[in-house]
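What's in run_10.pdb: PDB, C-alpha atoms
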ATOM      1  CA  HIS D 924     -84.296 -53.298  -3.790  1.00  0.00           C
ATOM      2  CA  THR D 925     -85.486 -49.864  -2.790  1.00  0.00           C
ATOM      3  CA  THR D 926     -84.147 -48.391   0.431  1.00  0.00           C
ATOM      4  CA  LYS D 927     -85.715 -45.297   1.983  1.00  0.00           C
ATOM      5  CA  ILE D 928     -83.368 -42.669   3.286  1.00  0.00           C
ATOM      6  CA  ILE D 929     -84.091 -40.675   6.438  1.00  0.00           C
ATOM      7  CA  ASN D 930     -80.802 -39.232   7.633  1.00  0.00           C
ATOM      8  CA  THR D 931     -78.342 -41.513   5.869  1.00  0.00           C
ATOM      9  CA  PHE D 932     -78.682 -44.047   3.075  1.00  0.00           C
ATOM     10  CA  PHE D 933     -77.583 -47.263   4.733  1.00  0.00           C
ATOM     11  CA  SER D 934     -74.706 -48.609   6.787  1.00  0.00           C
ATOM     12  CA  CYS D 935     -72.313 -51.269   5.603  1.00  0.00           C
ATOM     13  CA  HIS D 936     -70.063 -53.627   7.517  1.00  0.00           C
ATOM     14  CA  PHE D 937     -66.860 -54.301   5.633  1.00  0.00           C
ATOM     15  CA  TYR D 938     -64.154 -56.719   6.729  1.00  0.00           C
ATOM     16  CA  CYS D 939     -61.101 -55.019   5.325  1.00  0.00           C
ATOM     17  CA  PRO D 940     -57.892 -56.992   4.664  1.00  0.00           C
ATOM     18  CA  PHE D 941     -55.858 -53.946   5.662  1.00  0.00           C
ATOM     19  CA  GLY D 942     -56.664 -54.510   9.309  1.00  0.00           C
ATOM     20  CA  LYS D 943     -59.801 -52.408   9.816  1.00  0.00           C
ATOM     21  CA  SER D 944     -63.368 -53.513  10.116  1.00  0.00           C
ATOM     22  CA  GLY D 945     -66.364 -51.663  11.403  1.00  0.00           C
ATOM     23  CA  PHE D 946     -69.811 -50.217  11.121  1.00  0.00           C
ATOM     24  CA  THR D 947     -69.671 -47.102   8.978  1.00  0.00           C
ATOM     25  CA  SER D 948     -72.511 -44.662   8.301  1.00  0.00           C
ATOM     26  CA  ILE D 949     -72.538 -42.861   4.977  1.00  0.00           C
ATOM     27  CA  PRO D 950     -71.695 -39.151   5.396  1.00  0.00           C
ATOM     28  CA  LYS D 951     -72.834 -36.274   3.217  1.00  0.00           C
ATOM     29  CA  ALA D 952     -71.664 -36.086  -0.357  1.00  0.00           C
ATOM     30  CA  THR D 953     -68.071 -34.977  -0.850  1.00  0.00           C
ATOM     31  CA  ILE D 954     -66.673 -36.950  -3.751  1.00  0.00           C
ATOM     32  CA  LEU D 955     -67.103 -36.121  -7.399  1.00  0.00           C
ATOM     33  CA  VAL D 956     -68.295 -38.761  -9.819  1.00  0.00           C
ATOM     34  CA  ASN D 957     -66.273 -38.301 -12.998  1.00  0.00           C
ATOM     35  CA  LEU D 958     -67.636 -38.598 -16.521  1.00  0.00           C
ATOM     36  CA  CYS D 959     -66.303 -41.467 -18.602  1.00  0.00           C
ATOM     37  CA  THR D 960     -66.277 -40.241 -22.198  1.00  0.00           C
ATOM     38  CA  ILE D 961     -63.829 -42.650 -23.827  1.00  0.00           C
ATOM     39  CA  LYS D 962     -65.116 -45.875 -25.340  1.00  0.00           C
ATOM     40  CA  ARG D 963     -64.642 -48.897 -23.120  1.00  0.00           C
ATOM     41  CA  LYS D 964     -62.557 -50.778 -25.657  1.00  0.00           C
ATOM     42  CA  ASN D 965     -60.039 -47.902 -25.743  1.00  0.00           C
ATOM     43  CA  LYS D 966     -59.808 -47.495 -21.968  1.00  0.00           C
ATOM     44  CA  MET D 967     -56.600 -48.456 -20.196  1.00  0.00           C
ATOM     45  CA  LEU D 968     -57.905 -48.175 -16.654  1.00  0.00           C
ATOM     46  CA  LYS D 969     -56.305 -50.222 -13.910  1.00  0.00           C
ATOM     47  CA  HIS D 970     -58.578 -52.415 -11.861  1.00  0.00           C
ATOM     48  CA  ALA D 971     -58.826 -51.662  -8.164  1.00  0.00           C
ATOM     49  CA  LYS D 972     -57.446 -54.412  -5.940  1.00  0.00           C
ATOM     50  CA  LEU D 973     -60.681 -54.223  -3.971  1.00  0.00           C
ATOM     51  CA  SER D 974     -62.999 -53.810  -6.939  1.00  0.00           C
ATOM     52  CA  PRO D 975     -66.799 -53.943  -6.654  1.00  0.00           C
ATOM     53  CA  SER D 976     -66.963 -56.726  -9.254  1.00  0.00           C
ATOM     54  CA  ALA D 977     -64.853 -58.941  -6.981  1.00  0.00           C
ATOM     55  CA  ALA D 978     -66.393 -57.760  -3.700  1.00  0.00           C
ATOM     56  CA  ALA D 979     -68.244 -61.025  -3.064  1.00  0.00           C
ATOM     57  CA  ARG D 980     -64.848 -62.765  -3.025  1.00  0.00           C
ATOM     58  CA  TRP D 981     -62.682 -60.360  -1.062  1.00  0.00           C
ATOM     59  CA  MET D 982     -65.356 -59.524   1.526  1.00  0.00           C
ATOM     60  CA  THR D 983     -65.754 -63.238   2.215  1.00  0.00           C
ATOM     61  CA  CYS D 984     -62.072 -64.134   1.932  1.00  0.00           C
ATOM     62  CA  PRO D 985     -59.789 -61.134   2.601  1.00  0.00           C
ATOM     63  CA  GLY D 986     -56.723 -63.311   2.105  1.00  0.00           C
ATOM     64  CA  SER D 987     -57.601 -63.698  -1.563  1.00  0.00           C
ATOM     65  CA  VAL D 988     -56.409 -60.125  -2.181  1.00  0.00           C
ATOM     66  CA  ALA D 989     -52.799 -61.047  -1.411  1.00  0.00           C
ATOM     67  CA  LEU D 990     -53.058 -64.465  -3.057  1.00  0.00           C
ATOM     68  CA  THR D 991     -54.225 -63.024  -6.386  1.00  0.00           C
ATOM     69  CA  ALA D 992     -52.083 -59.859  -6.384  1.00  0.00           C
ATOM     70  CA  ASP D 993     -49.367 -61.298  -8.642  1.00  0.00           C
ATOM     71  CA  MET D 994     -51.646 -63.259 -10.940  1.00  0.00           C
ATOM     72  CA  PRO D 995     -51.490 -62.076 -14.564  1.00  0.00           C
ATOM     73  CA  ASP D 996     -54.531 -60.478 -16.158  1.00  0.00           C
ATOM     74  CA  THR D 997     -56.210 -62.949 -18.479  1.00  0.00           C
ATOM     75  CA  THR D 998     -59.334 -62.891 -20.588  1.00  0.00           C
ATOM     76  CA  THR D 999     -61.697 -65.295 -22.334  1.00  0.00           C
ATOM     77  CA  ILE D1000     -63.850 -65.123 -25.438  1.00  0.00           C
ATOM     78  CA  TYR D1001     -66.829 -64.683 -23.131  1.00  0.00           C
ATOM     79  CA  ALA D1002     -65.241 -61.722 -21.347  1.00  0.00           C
ATOM     80  CA  GLN D1003     -64.336 -60.181 -24.700  1.00  0.00           C
ATOM     81  CA  GLU D1004     -67.916 -60.632 -25.870  1.00  0.00           C
ATOM     82  CA  GLY D1005     -69.195 -58.914 -22.728  1.00  0.00           C
ATOM     83  CA  THR D1006     -66.798 -56.014 -23.212  1.00  0.00           C
ATOM     84  CA  LYS D1007     -68.017 -55.648 -26.774  1.00  0.00           C
ATOM     85  CA  ALA D1008     -71.665 -55.592 -25.677  1.00  0.00           C
ATOM     86  CA  HIS D1009     -70.899 -52.972 -23.030  1.00  0.00           C
ATOM     87  CA  ASP D1010     -69.094 -50.839 -25.587  1.00  0.00           C
ATOM     88  CA  LEU D1011     -72.142 -50.979 -27.868  1.00  0.00           C
ATOM     89  CA  ALA D1012     -74.504 -50.134 -25.001  1.00  0.00           C
ATOM     90  CA  GLU D1013     -72.341 -47.190 -23.946  1.00  0.00           C
ATOM     91  CA  GLN D1014     -72.267 -45.761 -27.463  1.00  0.00           C
ATOM     92  CA  CYS D1015     -76.034 -46.107 -27.847  1.00  0.00           C
ATOM     93  CA  LEU D1016     -76.853 -44.414 -24.544  1.00  0.00           C
ATOM     94  CA  SER D1017     -74.287 -41.664 -25.030  1.00  0.00           C
ATOM     95  CA  GLN D1018     -75.414 -40.915 -28.584  1.00  0.00           C
ATOM     96  CA  LYS D1019     -79.119 -41.493 -27.846  1.00  0.00           C
ATOM     97  CA  VAL D1020     -79.526 -44.020 -30.657  1.00  0.00           C
ATOM     98  CA  ASP D1021     -80.788 -47.596 -30.934  1.00  0.00           C
ATOM     99  CA  ALA D1022     -78.535 -50.613 -31.354  1.00  0.00           C
ATOM    100  CA  LEU D1023     -79.539 -50.974 -35.014  1.00  0.00           C
ATOM    101  CA  HIS D1024     -77.743 -47.692 -35.640  1.00  0.00           C
ATOM    102  CA  PHE D1025     -74.563 -49.789 -35.533  1.00  0.00           C
ATOM    103  CA  ALA D1026     -75.828 -52.597 -37.774  1.00  0.00           C
ATOM    104  CA  GLY D1027     -73.208 -53.506 -40.333  1.00  0.00           C
ATOM    105  CA  GLU D1028     -70.379 -52.804 -37.917  1.00  0.00           C
ATOM    106  CA  ASP D1029     -68.595 -55.447 -35.863  1.00  0.00           C
ATOM    107  CA  TYR D1030     -71.716 -56.537 -33.927  1.00  0.00           C
ATOM    108  CA  ASP D1031     -73.771 -59.607 -34.777  1.00  0.00           C
ATOM    109  CA  GLU D1032     -77.554 -59.566 -34.977  1.00  0.00           C
ATOM    110  CA  SER D1033     -78.084 -61.268 -31.619  1.00  0.00           C
ATOM    111  CA  MET D1034     -75.881 -58.757 -29.803  1.00  0.00           C
ATOM    112  CA  LEU D1035     -77.779 -55.874 -31.360  1.00  0.00           C
ATOM    113  CA  MET D1036     -81.043 -57.439 -30.191  1.00  0.00           C
ATOM    114  CA  TYR D1037     -79.902 -58.140 -26.625  1.00  0.00           C
ATOM    115  CA  VAL D1038     -78.276 -54.742 -26.159  1.00  0.00           C
ATOM    116  CA  GLN D1039     -81.457 -53.125 -27.453  1.00  0.00           C
ATOM    117  CA  SER D1040     -83.368 -54.917 -24.676  1.00  0.00           C
ATOM    118  CA  TYR D1041     -81.011 -53.324 -22.163  1.00  0.00           C
ATOM    119  CA  LEU D1042     -81.461 -49.897 -23.767  1.00  0.00           C
ATOM    120  CA  ASP D1043     -85.244 -50.257 -23.655  1.00  0.00           C
ATOM    121  CA  TYR D1044     -85.056 -51.117 -19.956  1.00  0.00           C
ATOM    122  CA  VAL D1045     -82.918 -48.090 -19.121  1.00  0.00           C
ATOM    123  CA  ARG D1046     -85.082 -45.748 -21.185  1.00  0.00           C
ATOM    124  CA  THR D1047     -88.265 -47.068 -19.567  1.00  0.00           C
ATOM    125  CA  LEU D1048     -86.899 -45.990 -16.185  1.00  0.00           C
ATOM    126  CA  LYS D1049     -85.850 -42.571 -17.462  1.00  0.00           C
ATOM    127  CA  HIS D1050     -88.248 -39.662 -17.011  1.00  0.00           C
ATOM    128  CA  LYS D1051     -88.068 -36.082 -18.248  1.00  0.00           C
ATOM    129  CA  SER D1052     -86.707 -35.012 -14.893  1.00  0.00           C
ATOM    130  CA  SER D1053     -84.049 -37.752 -14.877  1.00  0.00           C
ATOM    131  CA  ARG D1054     -80.373 -37.292 -15.586  1.00  0.00           C
ATOM    132  CA  LEU D1055     -78.546 -40.244 -17.115  1.00  0.00           C
ATOM    133  CA  TYR D1056     -74.897 -40.981 -16.350  1.00  0.00           C
ATOM    134  CA  VAL D1057     -73.219 -43.565 -18.593  1.00  0.00           C
ATOM    135  CA  GLU D1058     -70.129 -45.540 -17.545  1.00  0.00           C
ATOM    136  CA  LYS D1059     -69.596 -43.545 -14.372  1.00  0.00           C
ATOM    137  CA  ARG D1060     -66.397 -44.061 -12.426  1.00  0.00           C
ATOM    138  CA  LEU D1061     -67.269 -44.079  -8.733  1.00  0.00           C
ATOM    139  CA  SER D1062     -64.846 -43.542  -5.876  1.00  0.00           C
ATOM    140  CA  LEU D1063     -65.132 -45.839  -2.856  1.00  0.00           C
ATOM    141  CA  GLN D1064     -61.987 -44.531  -1.191  1.00  0.00           C
ATOM    142  CA  LYS D1065     -63.856 -43.494   1.968  1.00  0.00           C
ATOM    143  CA  TRP D1066     -64.751 -47.082   2.784  1.00  0.00           C
ATOM    144  CA  VAL D1067     -62.392 -49.276   0.734  1.00  0.00           C
ATOM    145  CA  PRO D1068     -58.684 -48.364   0.421  1.00  0.00           C
ATOM    146  CA  GLY D1069     -57.986 -47.599  -3.232  1.00  0.00           C
ATOM    147  CA  GLY D1070     -61.506 -48.647  -4.112  1.00  0.00           C
ATOM    148  CA  PHE D1071     -63.336 -47.531  -7.245  1.00  0.00           C
ATOM    149  CA  GLY D1072     -65.617 -48.997  -9.863  1.00  0.00           C
ATOM    150  CA  THR D1073     -67.470 -48.089 -13.050  1.00  0.00           C
ATOM    151  CA  CYS D1074     -71.256 -48.341 -13.132  1.00  0.00           C
ATOM    152  CA  ASP D1075     -72.890 -49.013 -16.500  1.00  0.00           C
ATOM    153  CA  ALA D1076     -75.757 -46.562 -15.999  1.00  0.00           C
ATOM    154  CA  ILE D1077     -77.056 -44.308 -13.236  1.00  0.00           C
ATOM    155  CA  LEU D1078     -80.356 -42.462 -13.355  1.00  0.00           C
ATOM    156  CA  LEU D1079     -80.936 -39.547 -10.995  1.00  0.00           C
ATOM    157  CA  ASP D1080     -84.439 -38.120 -10.783  1.00  0.00           C
ATOM    158  CA  LYS D1081     -84.152 -35.005  -8.615  1.00  0.00           C
ATOM    159  CA  ARG D1082     -87.872 -34.280  -8.800  1.00  0.00           C
ATOM    160  CA  LYS D1083     -88.788 -37.708  -7.441  1.00  0.00           C
ATOM    161  CA  ARG D1084     -85.598 -37.780  -5.341  1.00  0.00           C
ATOM    162  CA  GLN D1085     -84.858 -41.231  -6.722  1.00  0.00           C
ATOM    163  CA  LEU D1086     -81.660 -42.945  -7.831  1.00  0.00           C
ATOM    164  CA  HIS D1087     -81.402 -46.021 -10.089  1.00  0.00           C
ATOM    165  CA  ILE D1088     -78.208 -48.079 -10.275  1.00  0.00           C
ATOM    166  CA  ILE D1089     -78.245 -50.206 -13.465  1.00  0.00           C
ATOM    167  CA  ASP D1090     -75.809 -52.966 -14.354  1.00  0.00           C
ATOM    168  CA  LEU D1091     -75.663 -54.868 -17.648  1.00  0.00           C
ATOM    169  CA  LYS D1092     -74.583 -58.501 -17.460  1.00  0.00           C
ATOM    170  CA  TYR D1093     -74.107 -60.120 -20.853  1.00  0.00           C
ATOM    171  CA  GLY D1094     -73.331 -63.611 -19.557  1.00  0.00           C
ATOM    172  CA  MET D1095     -75.669 -66.589 -19.451  1.00  0.00           C
ATOM    173  CA  ASN D1096     -75.186 -67.404 -15.770  1.00  0.00           C
ATOM    174  CA  LYS D1097     -77.776 -65.652 -13.631  1.00  0.00           C
ATOM    175  CA  VAL D1098     -76.417 -63.013 -11.258  1.00  0.00           C
ATOM    176  CA  ASP D1099     -79.100 -62.415  -8.676  1.00  0.00           C
ATOM    177  CA  VAL D1100     -79.826 -58.876  -7.595  1.00  0.00           C
ATOM    178  CA  GLU D1101     -80.375 -60.159  -4.046  1.00  0.00           C
ATOM    179  CA  ASN D1102     -77.367 -59.470  -1.799  1.00  0.00           C
ATOM    180  CA  ASN D1103     -75.366 -58.256  -4.783  1.00  0.00           C
ATOM    181  CA  SER D1104     -72.198 -56.773  -3.277  1.00  0.00           C
ATOM    182  CA  GLN D1105     -71.131 -55.173  -6.548  1.00  0.00           C
ATOM    183  CA  LEU D1106     -74.363 -53.218  -6.972  1.00  0.00           C
ATOM    184  CA  TYR D1107     -74.482 -52.278  -3.294  1.00  0.00           C
ATOM    185  CA  MET D1108     -71.012 -50.769  -3.638  1.00  0.00           C
ATOM    186  CA  TYR D1109     -72.019 -48.864  -6.760  1.00  0.00           C
ATOM    187  CA  ALA D1110     -74.998 -47.517  -4.820  1.00  0.00           C
ATOM    188  CA  LEU D1111     -72.686 -46.505  -1.989  1.00  0.00           C
ATOM    189  CA  GLY D1112     -70.406 -44.535  -4.315  1.00  0.00           C
ATOM    190  CA  ALA D1113     -73.234 -42.939  -6.284  1.00  0.00           C
ATOM    191  CA  VAL D1114     -75.368 -41.870  -3.357  1.00  0.00           C
ATOM    192  CA  ASP D1115     -72.408 -40.256  -1.619  1.00  0.00           C
ATOM    193  CA  LYS D1116     -72.429 -37.622  -4.358  1.00  0.00           C
ATOM    194  CA  VAL D1117     -76.151 -36.869  -4.355  1.00  0.00           C
ATOM    195  CA  ILE D1118     -77.438 -37.874  -0.902  1.00  0.00           C
ATOM    196  CA  GLU D1119     -79.091 -34.496  -0.350  1.00  0.00           C
ATOM    197  CA  HIS D1120     -81.256 -35.144  -3.418  1.00  0.00           C
ATOM    198  CA  VAL D1121     -82.167 -38.784  -2.786  1.00  0.00           C
ATOM    199  CA  GLU D1122     -84.883 -40.463  -0.753  1.00  0.00           C
ATOM    200  CA  SER D1123     -84.843 -43.873  -2.412  1.00  0.00           C
ATOM    201  CA  VAL D1124     -82.348 -46.010  -4.301  1.00  0.00           C
ATOM    202  CA  THR D1125     -83.120 -48.965  -6.562  1.00  0.00           C
ATOM    203  CA  ILE D1126     -80.506 -51.363  -7.875  1.00  0.00           C
ATOM    204  CA  ASN D1127     -81.190 -53.040 -11.200  1.00  0.00           C
ATOM    205  CA  ASN D1128     -79.457 -56.028 -12.786  1.00  0.00           C
ATOM    206  CA  VAL D1129     -80.166 -56.579 -16.499  1.00  0.00           C
ATOM    207  CA  GLN D1130     -79.323 -59.903 -18.191  1.00  0.00           C
ATOM    208  CA  PRO D1131     -81.126 -59.785 -21.553  1.00  0.00           C
ATOM    209  CA  ARG D1132     -79.739 -63.086 -22.841  1.00  0.00           C
ATOM    210  CA  ILE D1133     -81.598 -64.999 -20.136  1.00  0.00           C
ATOM    211  CA  ASN D1134     -84.490 -62.527 -19.892  1.00  0.00           C
ATOM    212  CA  TYR D1135     -83.662 -61.575 -16.309  1.00  0.00           C
ATOM    213  CA  TYR D1136     -84.433 -58.047 -15.146  1.00  0.00           C
ATOM    214  CA  GLY D1137     -83.978 -57.927 -11.392  1.00  0.00           C
ATOM    215  CA  SER D1138     -84.502 -54.958  -9.097  1.00  0.00           C
TER     216      SER D1138
END
Show this structure as structure tokens.
Amino acid sequence: HTTKIINTFFSCHFYCPFGKSGFTSIPKATILVNLCTIKRKNKMLKHAKLSPSAAARWMTCPGSVALTADMPDTTTIYAQEGTKAHDLAEQCLSQKVDALHFAGEDYDESMLMYVQSYLDYVRTLKHKSSRLYVEKRLSLQKWVPGGFGTCDAILLDKRKRQLHIIDLKYGMNKVDVENNSQLYMYALGAVDKVIEHVESVTINNVQPRINYYGS
């Protein structure tokens, strides 16, 4: 979705399990979006309790934060596969190479093909005046206590005053871009840094394995 900005980007209503809820307008940019330069598979970042990826759950059911606090971190072969695809995509965008550059390494042919579809999508959106941020850690502390998240790709076109939030989903279950709390929160964190440069924001969800490119 593309949202035009006049004085502020948009306003969000969060029901916060820490006892506060309200209608908050986005202020001018004050937080710094940090570069993520280490490969995803080598990162040892803690997940925020109120993470964007779980926002659909904790915004609907605040009590789930306390109920899941002591649950151990687990993974599945599908999650591991997704992490691997994201690592490949990050390397390709950071090094400005195609997925085939890593052929012969620990990536099968189908993953190379699907990640290349994601790369093509991102590069189609990129213009000469665009700046690409890869695996950007975004602070959401202003609105969500302890909140942060990492966006797969952000494109800022200062000439067109446009911002693209791009998320890669490697799973087979469709994640609709409509009412996508995770992407809305990424947009919130990203636009807080560059609001003086932005007139429109578009969120993009890319699922190459099911040929879904939503925006």
**OP:** Report the distance between CA of Leu1016 (chain D) and CA of Leu1035 (chain D) in Å, rounded to one decimal place.
**Re:** 13.4 Å
**OP:** Using the chain letters and residue numbers of this document, give as a ChimeraX atom specification the residues selected by the PyMOL selection byres ((chain D and resi 1067-1073) around 7).
**Re:** /D:971,973-975,1058-1066,1074-1075
Subject >> Top pick for closest residue to Val1129 (chain D), considering D:Tyr1041, D:Tyr1030, D:Tyr1056, D:Tyr1107 and counting only C-alpha atoms >> reply: D:Tyr1041
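CA of His1050 (chain D) is found 17.6 Å from CA of Cys1015 (chain D).
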For Asp1031 (chain D), list every protein, DNA or RNA residue within 12 Å, evaluated using all atoms listed in the file, and leave out those in the same chain fewer than 5 positions away; present the list as a compact mmCIF listing (two decimals) with C-alpha atoms, keeping the file's coordinate frame.
# COMPACT_ATOMS: atom_id res chain seq x y z
CA GLU D 1004 -67.92 -60.63 -25.87
CA LYS D 1007 -68.02 -55.65 -26.77
CA ALA D 1008 -71.67 -55.59 -25.68
CA LEU D 1011 -72.14 -50.98 -27.87
CA ALA D 1022 -78.54 -50.61 -31.35
CA LEU D 1023 -79.54 -50.97 -35.01
CA PHE D 1025 -74.56 -49.79 -35.53
CA ALA D 1026 -75.83 -52.60 -37.77
CA MET D 1036 -81.04 -57.44 -30.19
CA TYR D 1037 -79.90 -58.14 -26.62
CA VAL D 1038 -78.28 -54.74 -26.16
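Take CA of Leu1079 (chain D) and CA of Lys1051 (chain D): the distance between them is 10.7 Å.
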Subject >> Counting only C-alpha atoms, the option among D:His1024, D:Arg1132, D:Met994, D:Ser1033 closest to Leu1091 (chain D) >> reply: D:Arg1132
Box centre and edge lengths (Å, one decimal), axis-aligned, region 1109-1118 of chain D plus 5 Å each side, as AutoDock Vina command-line options:
--center_x -73.9 --center_y -42.9 --center_z -3.8 --size_x 17.0 --size_y 22.0 --size_z 15.9
**OP:** Measuring atom to atom with only C-alpha atoms, identify which of D:Ser1053, D:Gln1130, D:Ser1017, D:Ser1138 is nearest to Gly1005 (chain D).
**Re:** D:Gln1130
**OP:** Identify all residues satisfying the PyMOL selection byres ((chain D and resi 1128) around 9) in the given file; provide them as a PyMOL selection string.
**Re:** chain D and resi 1088-1092+1098-1100+1106+1126-1127+1129-1130+1135-1138
Could you turn the residues from that selection into a file that holds C-alpha atoms, as a PDB file, in the frame of the given file?
ATOM      1  CA  ILE D1088     -78.208 -48.079 -10.275  1.00  0.00           C
ATOM      2  CA  ILE D1089     -78.245 -50.206 -13.465  1.00  0.00           C
ATOM      3  CA  ASP D1090     -75.809 -52.966 -14.354  1.00  0.00           C
ATOM      4  CA  LEU D1091     -75.663 -54.868 -17.648  1.00  0.00           C
ATOM      5  CA  LYS D1092     -74.583 -58.501 -17.460  1.00  0.00           C
ATOM      6  CA  VAL D1098     -76.417 -63.013 -11.258  1.00  0.00           C
ATOM      7  CA  ASP D1099     -79.100 -62.415  -8.676  1.00  0.00           C
ATOM      8  CA  VAL D1100     -79.826 -58.876  -7.595  1.00  0.00           C
ATOM      9  CA  LEU D1106     -74.363 -53.218  -6.972  1.00  0.00           C
ATOM     10  CA  ILE D1126     -80.506 -51.363  -7.875  1.00  0.00           C
ATOM     11  CA  ASN D1127     -81.190 -53.040 -11.200  1.00  0.00           C
ATOM     12  CA  VAL D1129     -80.166 -56.579 -16.499  1.00  0.00           C
ATOM     13  CA  GLN D1130     -79.323 -59.903 -18.191  1.00  0.00           C
ATOM     14  CA  TYR D1135     -83.662 -61.575 -16.309  1.00  0.00           C
ATOM     15  CA  TYR D1136     -84.433 -58.047 -15.146  1.00  0.00           C
ATOM     16  CA  GLY D1137     -83.978 -57.927 -11.392  1.00  0.00           C
ATOM     17  CA  SER D1138     -84.502 -54.958  -9.097  1.00  0.00           C
TER      18      SER D1138
END
